[in-house]
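J.: My structure file coords.cif, mmCIF, C-alpha atoms and all ligand atoms, is below:
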data_start
#
loop_
_atom_site.label_atom_id
_atom_site.label_comp_id
_atom_site.auth_asym_id
_atom_site.auth_seq_id
_atom_site.Cartn_x
_atom_site.Cartn_y
_atom_site.Cartn_z
CA MET A 1 -15.31 30.47 15.77
CA PRO A 2 -14.56 26.84 16.41
CA CYS A 3 -11.64 25.24 14.71
CA GLY A 4 -12.58 23.82 11.33
CA ALA A 5 -15.88 25.71 11.01
CA PRO A 6 -17.25 25.39 7.49
CA ASP A 7 -16.80 29.04 6.55
CA ALA A 8 -13.26 29.34 7.88
CA PRO A 9 -10.84 30.10 5.04
CA SER A 10 -9.09 26.95 3.95
CA ARG A 11 -5.93 28.40 2.44
CA SER A 12 -2.85 27.90 4.56
CA LEU A 13 -1.21 31.28 4.13
CA PRO A 14 1.12 32.53 6.86
CA ALA A 15 -1.45 34.96 8.21
CA ALA A 16 0.62 36.37 11.03
CA GLU A 17 3.39 37.51 8.70
CA LEU A 18 1.25 39.38 6.18
CA PRO A 19 -0.49 42.74 6.41
CA ALA A 20 -4.19 42.38 7.02
CA HIS A 21 -5.23 43.92 3.69
CA TRP A 22 -3.01 41.52 1.75
CA ASN A 23 -4.48 38.51 3.51
CA LEU A 24 -7.96 39.68 2.74
CA ASN A 25 -7.04 40.42 -0.84
CA MET A 26 -5.68 36.90 -1.18
CA GLN A 27 -9.05 35.62 -0.04
CA ASN A 28 -10.70 37.49 -2.93
CA LEU A 29 -12.60 39.73 -0.58
CA THR A 30 -13.61 43.24 -1.49
CA VAL A 31 -13.01 44.65 1.97
CA LEU A 32 -9.47 45.98 2.03
CA LYS A 33 -9.62 48.09 5.14
CA PRO A 34 -10.01 46.03 8.28
CA GLY A 35 -13.46 46.86 9.64
CA ALA A 36 -15.32 44.78 12.20
CA ALA A 37 -16.27 42.10 9.65
CA ALA A 38 -12.75 41.98 8.30
CA ARG A 39 -11.35 41.60 11.78
CA ARG A 40 -13.72 38.72 12.41
CA ARG A 41 -12.60 37.05 9.19
CA LEU A 42 -8.97 37.65 10.03
CA LEU A 43 -9.48 36.14 13.46
CA ALA A 44 -11.17 33.12 11.91
CA PHE A 45 -8.30 32.82 9.48
CA ALA A 46 -5.73 33.01 12.26
CA LEU A 47 -7.61 30.36 14.22
CA ALA A 48 -7.78 28.11 11.18
CA CYS A 49 -4.03 28.40 10.74
CA ALA A 50 -3.40 27.75 14.42
CA CYS A 51 -5.47 24.57 14.19
CA ALA A 52 -3.78 23.28 11.05
CA PRO A 53 -0.95 21.29 12.66
CA ALA A 54 -3.46 19.18 14.61
CA PHE A 55 -4.90 17.97 11.33
CA ALA A 56 -1.64 17.62 9.45
CA ALA A 57 0.39 15.65 11.95
CA PRO A 58 -1.45 13.33 14.31
CA ALA A 59 0.80 12.42 17.20
CA LEU A 60 1.47 8.79 16.32
CA ARG A 61 4.07 6.61 17.98
CA ALA A 62 5.03 2.97 17.64
CA THR A 63 6.43 0.71 20.36
CA ASP A 64 7.29 -2.99 20.69
CA ALA A 65 7.77 -3.50 16.96
CA TRP A 66 8.96 -7.00 16.07
CA ILE A 67 8.71 -9.58 13.33
CA ARG A 68 8.09 -13.27 13.96
CA TRP A 69 10.67 -14.88 11.73
CA LEU A 70 9.85 -18.15 10.00
CA PRO A 71 12.31 -20.38 8.14
CA ALA A 72 12.44 -21.13 4.43
CA GLY A 73 11.36 -17.69 3.36
CA LEU A 74 7.84 -18.13 4.68
CA PRO A 75 5.76 -14.95 5.08
CA ALA A 76 6.49 -13.28 8.39
CA GLY A 77 4.09 -11.46 10.71
CA GLY A 78 4.98 -7.98 11.93
CA TYR A 79 3.61 -6.83 15.28
CA VAL A 80 3.61 -3.39 16.84
CA VAL A 81 1.69 -1.24 19.28
CA LEU A 82 0.49 2.03 17.76
CA HIS A 83 -0.22 4.96 20.06
CA ASN A 84 -2.29 7.93 18.95
CA ASP A 85 -1.84 10.96 21.20
CA GLY A 86 -3.90 13.14 18.87
CA ASP A 87 -7.50 14.31 19.02
CA ARG A 88 -8.56 12.45 15.88
CA ALA A 89 -8.63 8.76 15.09
CA ALA A 90 -5.83 7.66 12.76
CA GLU A 91 -6.48 5.18 9.98
CA LEU A 92 -3.61 2.92 9.01
CA VAL A 93 -4.16 2.07 5.35
CA GLY A 94 -0.93 0.43 4.25
CA ALA A 95 2.62 -0.59 5.00
CA SER A 96 5.78 -1.13 2.99
CA SER A 97 9.35 -2.21 3.58
CA PRO A 98 12.41 -2.11 1.36
CA ASP A 99 13.23 -5.64 2.60
CA TYR A 100 10.00 -7.29 1.39
CA ALA A 101 8.45 -7.20 -2.05
CA GLN A 102 4.89 -7.40 -0.72
CA THR A 103 3.36 -6.10 2.49
CA MET A 104 -0.28 -6.29 3.55
CA LEU A 105 -2.44 -5.53 6.56
CA HIS A 106 -3.96 -8.78 7.81
CA GLU A 107 -6.20 -9.89 10.61
CA SER A 108 -6.25 -13.42 12.00
CA LEU A 109 -9.74 -14.70 12.75
CA ALA A 110 -10.98 -17.89 14.34
CA GLY A 111 -13.43 -19.81 12.17
CA ALA A 112 -16.52 -21.59 13.45
CA GLY A 113 -14.52 -24.78 13.94
CA GLY A 114 -11.75 -22.97 15.78
CA GLU A 115 -9.41 -22.96 12.79
CA MET A 116 -7.46 -19.77 12.23
CA ARG A 117 -7.53 -17.93 8.96
CA MET A 118 -6.20 -14.58 7.78
CA VAL A 119 -8.05 -11.87 5.95
CA HIS A 120 -6.76 -8.75 4.27
CA VAL A 121 -8.02 -5.55 5.88
CA ALA A 122 -8.16 -2.22 4.06
CA LYS A 123 -7.61 -0.14 7.17
CA VAL A 124 -6.99 -0.36 10.87
CA VAL A 125 -8.21 2.46 13.11
CA VAL A 126 -6.11 3.73 16.01
CA PRO A 127 -8.52 5.65 18.29
CA ALA A 128 -7.83 9.21 19.40
CA HIS A 129 -5.92 9.25 22.69
CA GLY A 130 -5.69 5.49 22.49
CA SER A 131 -3.61 2.66 21.21
CA LEU A 132 -3.98 -0.46 19.13
CA ALA A 133 -1.86 -3.58 19.35
CA PHE A 134 -0.91 -5.72 16.39
CA LYS A 135 -0.29 -9.09 17.99
CA PRO A 136 -0.28 -12.81 17.21
CA GLY A 137 -3.83 -14.01 16.67
CA GLY A 138 -5.05 -10.53 15.70
CA TYR A 139 -3.90 -7.75 13.43
CA HIS A 140 -0.50 -8.17 11.84
CA ILE A 141 1.56 -6.78 9.03
CA MET A 142 2.14 -9.62 6.58
CA LEU A 143 5.61 -9.41 5.12
CA MET A 144 6.05 -11.54 2.00
CA HIS A 145 8.79 -12.29 -0.53
CA ALA A 146 11.90 -11.12 1.32
CA ARG A 147 14.32 -9.43 -1.04
CA HIS A 148 17.32 -10.91 0.79
CA ALA A 149 17.98 -13.39 3.59
CA ILE A 150 16.57 -12.12 6.86
CA GLN A 151 17.64 -13.62 10.19
CA PRO A 152 16.57 -13.30 13.80
CA GLY A 153 18.42 -10.33 15.24
CA ASP A 154 18.07 -8.29 12.07
CA HIS A 155 16.22 -5.00 11.99
CA VAL A 156 13.70 -4.31 9.25
CA PRO A 157 12.45 -0.80 8.47
CA VAL A 158 8.71 -0.63 7.83
CA SER A 159 6.87 2.48 6.73
CA LEU A 160 3.29 2.71 7.97
CA ARG A 161 0.99 4.82 5.81
CA PHE A 162 -2.08 6.57 7.21
CA ALA A 163 -5.19 7.84 5.44
CA ASP A 164 -4.21 11.50 5.90
CA GLY A 165 -0.90 10.92 4.10
CA THR A 166 1.19 10.66 7.25
CA GLU A 167 4.00 8.09 7.12
CA LEU A 168 5.45 6.57 10.26
CA LYS A 169 8.79 4.83 9.83
CA VAL A 170 9.29 2.06 12.37
CA ASP A 171 12.25 -0.21 13.07
CA PHE A 172 11.09 -3.83 13.55
CA GLU A 173 13.31 -6.30 15.40
CA VAL A 174 13.33 -9.79 13.88
CA ARG A 175 12.85 -12.54 16.48
CA SER A 176 12.86 -16.30 16.06
CA ALA A 177 9.52 -18.11 15.93
CA SER A 178 10.35 -20.12 19.05
CA GLY A 179 11.38 -17.06 20.98
CA ALA A 180 8.13 -15.40 20.10
CA MET A 181 5.80 -18.34 20.70
CA PRO A 182 2.69 -17.19 22.55
CA GLY A 183 1.80 -19.21 25.61
CA MET A 184 5.34 -20.06 26.66
CA SER A 185 6.03 -17.17 28.95
CA GLY A 186 3.21 -14.99 27.69
CA MET A 187 3.59 -12.08 25.33
CA SER A 188 3.91 -9.65 28.22
CA GLY A 189 7.05 -11.50 29.24
CA MET A 190 8.69 -10.92 25.86
CA PRO A 191 11.87 -8.90 25.96
CA GLN A 192 10.96 -5.34 25.05
CA LYS A 193 13.13 -2.97 23.11
CU CU B 1 -1.21 -12.71 7.47
#
What would the structure in this file look like if it were written as structure tokens?

T.:
Amino acid sequence: MPCGAPDAPSRSLPAAELPAHWNLNMQNLTVLKPGAAARRRLLAFALACACAPAFAAPALRATDAWIRWLPAGLPAGGYVVLHNDGDRAAELVGASSPDYAQTMLHESLAGAGGEMRMVHVAKVVVPAHGSLAFKPGGYHIMLMHARHAIQPGDHVPVSLRFADGTELKVDFEVRSASGAMPGMSGMSGMPQK
């Protein structure tokens, strides 16, 4: 039976550690002695359990996490590359940091006249076996209302929240606006952690 088939039992009991009849009893089945049908159900149950970690913990990683610092307490943009080594797309739905009172997912867009504007986005999808870059001029994490003075060289913890409940805690390095200016040496030339 393929992983996640509709009639696979959904309870996450530790199948391998329990006698077969107890498992089946827990599933409210009337068959207590493992016959052919029971063995099929048990196999399906075992497969469902074996598949569970793939759903519960997508293999997400973050690299190149930095914040473009701006003076005078202006909102700062957070940039990061998210890597998804899992088989399912991951949906980033929110972010938070103990150092900022408000955090939002934003996307910068060019208007018809070439002017840049920012919009709030409800989610950002990181494709399965792929990556997605938050970078100047595109997606960014908008960090607003710093709770204390933040300087270039500081490190800011940011927790990224995904639709399946997964949280990814990422350390962002704060860099000065001039040091992070696109077009000077190119973003690929930025010092990488
Ligand atoms: Cu923004």

J.: Using all atoms listed in the file, which of A:Ala76, A:Ala95, A:Ala101, A:Ala146 sits nearest ligand CU 1 (chain B)?

T.: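 Checking each of A:Ala76, A:Ala95, A:Ala101, A:Ala146 against ligand CU 1 (chain B), counting all atoms listed in the file, the winner is A:Ala76.
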
J.: Let me have all residues with an atom within 9 Å of ligand CU 1 (chain B), counting only C-alpha atoms and all ligand atoms, laid out as JSON, numbers by chain.

T.: {"A": [75, 76, 77, 78, 104, 105, 106, 107, 108, 117, 118, 119, 120, 139, 140, 141, 142, 143]}

J.: Do you have the atom CA of A:Glu173-atom CA of A:Trp69 distance handy?

T.: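 For atom CA of A:Glu173 relative to atom CA of A:Trp69, the distance reads 9.7 Å.
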
J.: Once 6 Å is added on each side, what centre and edge lengths in Å to one decimal does the axis-aligned box around all listed atoms of stretch 80-91 of chain A have, as JSON?

T.:
{"center_x": -2.5, "center_y": 5.5, "center_z": 15.6, "size_x": 24.2, "size_y": 29.7, "size_z": 23.2}

J.: Report, in Å with one decimal, the straight-line distance from atom CA of A:Phe172 to atom CA of A:Ile67.

T.: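 Taking atom CA of A:Phe172 as the start and atom CA of A:Ile67 as the end point, the length is 6.2 Å.
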
J.: Which value, in Å to one decimal, gives the distance between atom CA of A:Ala149 and atom CA of A:Gly73?

T.: 7.9 Å

J.: Check the smallest atom-to-atom distance from each of A:Pro136, A:Gly86, A:Pro71, A:Gly94 to A:Leu168 using all atoms listed in the file, then report the winner.

T.: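 Smallest distance to A:Leu168 is found for A:Gly94.
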
J.: When you count all atoms listed in the file, which of these residues is closest to A:Ala72: A:Ser159, A:Arg175, A:Val170, A:Gln151?

T.: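 Of all the options, A:Gln151 lies closest to A:Ala72.
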
J.: Could you give me, as an MDAnalysis selection string, the residues within 12 Å of A:Val81, counting all atoms listed in the file and dropping anything in the same chain fewer than 4 positions from it?

T.: chainID A and resid 60:66 126 130:136 139:141 170 172 192

J.: With C-alpha atoms retained, export the selected residues as a short mmCIF file (atom, residue, chain, number, x, y, z; two decimals), in the frame of the given file.

T.:
data_model
loop_
_atom_site.label_atom_id
_atom_site.label_comp_id
_atom_site.auth_asym_id
_atom_site.auth_seq_id
_atom_site.Cartn_x
_atom_site.Cartn_y
_atom_site.Cartn_z
CA LEU A 60 1.47 8.79 16.32
CA ARG A 61 4.07 6.61 17.98
CA ALA A 62 5.03 2.97 17.64
CA THR A 63 6.43 0.71 20.36
CA ASP A 64 7.29 -2.99 20.69
CA ALA A 65 7.77 -3.50 16.96
CA TRP A 66 8.96 -7.00 16.07
CA VAL A 126 -6.11 3.73 16.01
CA GLY A 130 -5.69 5.49 22.49
CA SER A 131 -3.61 2.66 21.21
CA LEU A 132 -3.98 -0.46 19.13
CA ALA A 133 -1.86 -3.58 19.35
CA PHE A 134 -0.91 -5.72 16.39
CA LYS A 135 -0.29 -9.09 17.99
CA PRO A 136 -0.28 -12.81 17.21
CA TYR A 139 -3.90 -7.75 13.43
CA HIS A 140 -0.50 -8.17 11.84
CA ILE A 141 1.56 -6.78 9.03
CA VAL A 170 9.29 2.06 12.37
CA PHE A 172 11.09 -3.83 13.55
CA GLN A 192 10.96 -5.34 25.05
#

J.: Of the residues A:Val121, A:Leu74, A:Met116, A:Val80, which is the one nearest to A:Lys169, using all atoms listed in the file?

T.: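 Result for the nearest residue to A:Lys169: A:Val80.
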
J.: Which residue gives the smallest distance to A:Pro157 among A:Leu70, A:Asp171, A:Ala128, A:Gly114, with all atoms listed in the file counted?

T.: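 Closest to A:Pro157, using all atoms listed in the file: A:Asp171.
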
J.: I need the residue nearest A:Val93 from this list: A:Asp164, A:Ala59, A:Ala110, A:Ser178. Use only C-alpha atoms for the distance.

T.: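 Answer, going by the shortest atom-to-atom distance: A:Asp164.
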
J.: Around the point (14.4, -16.2, 17.7), in the coordinates given by the file, pick out the residues reaching within 8 Å, counting all atoms listed in the file, and return them as a PDB file with C-alpha atoms, keeping the file's coordinate frame.

T.:
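The file below, out_25.pdb, is the result:
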ATOM      1  CA  ARG A  68       8.090 -13.270  13.960  1.00  0.00           C
ATOM      2  CA  TRP A  69      10.670 -14.880  11.730  1.00  0.00           C
ATOM      3  CA  PRO A 152      16.570 -13.300  13.800  1.00  0.00           C
ATOM      4  CA  GLY A 153      18.420 -10.330  15.240  1.00  0.00           C
ATOM      5  CA  VAL A 174      13.330  -9.790  13.880  1.00  0.00           C
ATOM      6  CA  ARG A 175      12.850 -12.540  16.480  1.00  0.00           C
ATOM      7  CA  SER A 176      12.860 -16.300  16.060  1.00  0.00           C
ATOM      8  CA  ALA A 177       9.520 -18.110  15.930  1.00  0.00           C
ATOM      9  CA  SER A 178      10.350 -20.120  19.050  1.00  0.00           C
ATOM     10  CA  GLY A 179      11.380 -17.060  20.980  1.00  0.00           C
ATOM     11  CA  ALA A 180       8.130 -15.400  20.100  1.00  0.00           C
TER      12      ALA A 180
END

J.: Taking the point (-2.2, 10.2, 9.6) as given in the file, collect each protein or nucleic acid residue that comes within 12 Å of it, counting all atoms listed in the file, and present the set as a short mmCIF file (atom, residue, chain, number, x, y, z; two decimals) with C-alpha atoms, keeping the file's coordinate frame.

T.:
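Contents of the output file out16.cif:
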data_model
loop_
_atom_site.label_atom_id
_atom_site.label_comp_id
_atom_site.auth_asym_id
_atom_site.auth_seq_id
_atom_site.Cartn_x
_atom_site.Cartn_y
_atom_site.Cartn_z
CA PRO A 53 -0.95 21.29 12.66
CA ALA A 54 -3.46 19.18 14.61
CA PHE A 55 -4.90 17.97 11.33
CA ALA A 56 -1.64 17.62 9.45
CA ALA A 57 0.39 15.65 11.95
CA PRO A 58 -1.45 13.33 14.31
CA ALA A 59 0.80 12.42 17.20
CA LEU A 60 1.47 8.79 16.32
CA ARG A 61 4.07 6.61 17.98
CA LEU A 82 0.49 2.03 17.76
CA HIS A 83 -0.22 4.96 20.06
CA ASN A 84 -2.29 7.93 18.95
CA ASP A 85 -1.84 10.96 21.20
CA GLY A 86 -3.90 13.14 18.87
CA ASP A 87 -7.50 14.31 19.02
CA ARG A 88 -8.56 12.45 15.88
CA ALA A 89 -8.63 8.76 15.09
CA ALA A 90 -5.83 7.66 12.76
CA GLU A 91 -6.48 5.18 9.98
CA LEU A 92 -3.61 2.92 9.01
CA VAL A 93 -4.16 2.07 5.35
CA GLY A 94 -0.93 0.43 4.25
CA LYS A 123 -7.61 -0.14 7.17
CA VAL A 124 -6.99 -0.36 10.87
CA VAL A 125 -8.21 2.46 13.11
CA VAL A 126 -6.11 3.73 16.01
CA PRO A 127 -8.52 5.65 18.29
CA ALA A 128 -7.83 9.21 19.40
CA LEU A 160 3.29 2.71 7.97
CA ARG A 161 0.99 4.82 5.81
CA PHE A 162 -2.08 6.57 7.21
CA ALA A 163 -5.19 7.84 5.44
CA ASP A 164 -4.21 11.50 5.90
CA GLY A 165 -0.90 10.92 4.10
CA THR A 166 1.19 10.66 7.25
CA GLU A 167 4.00 8.09 7.12
CA LEU A 168 5.45 6.57 10.26
#
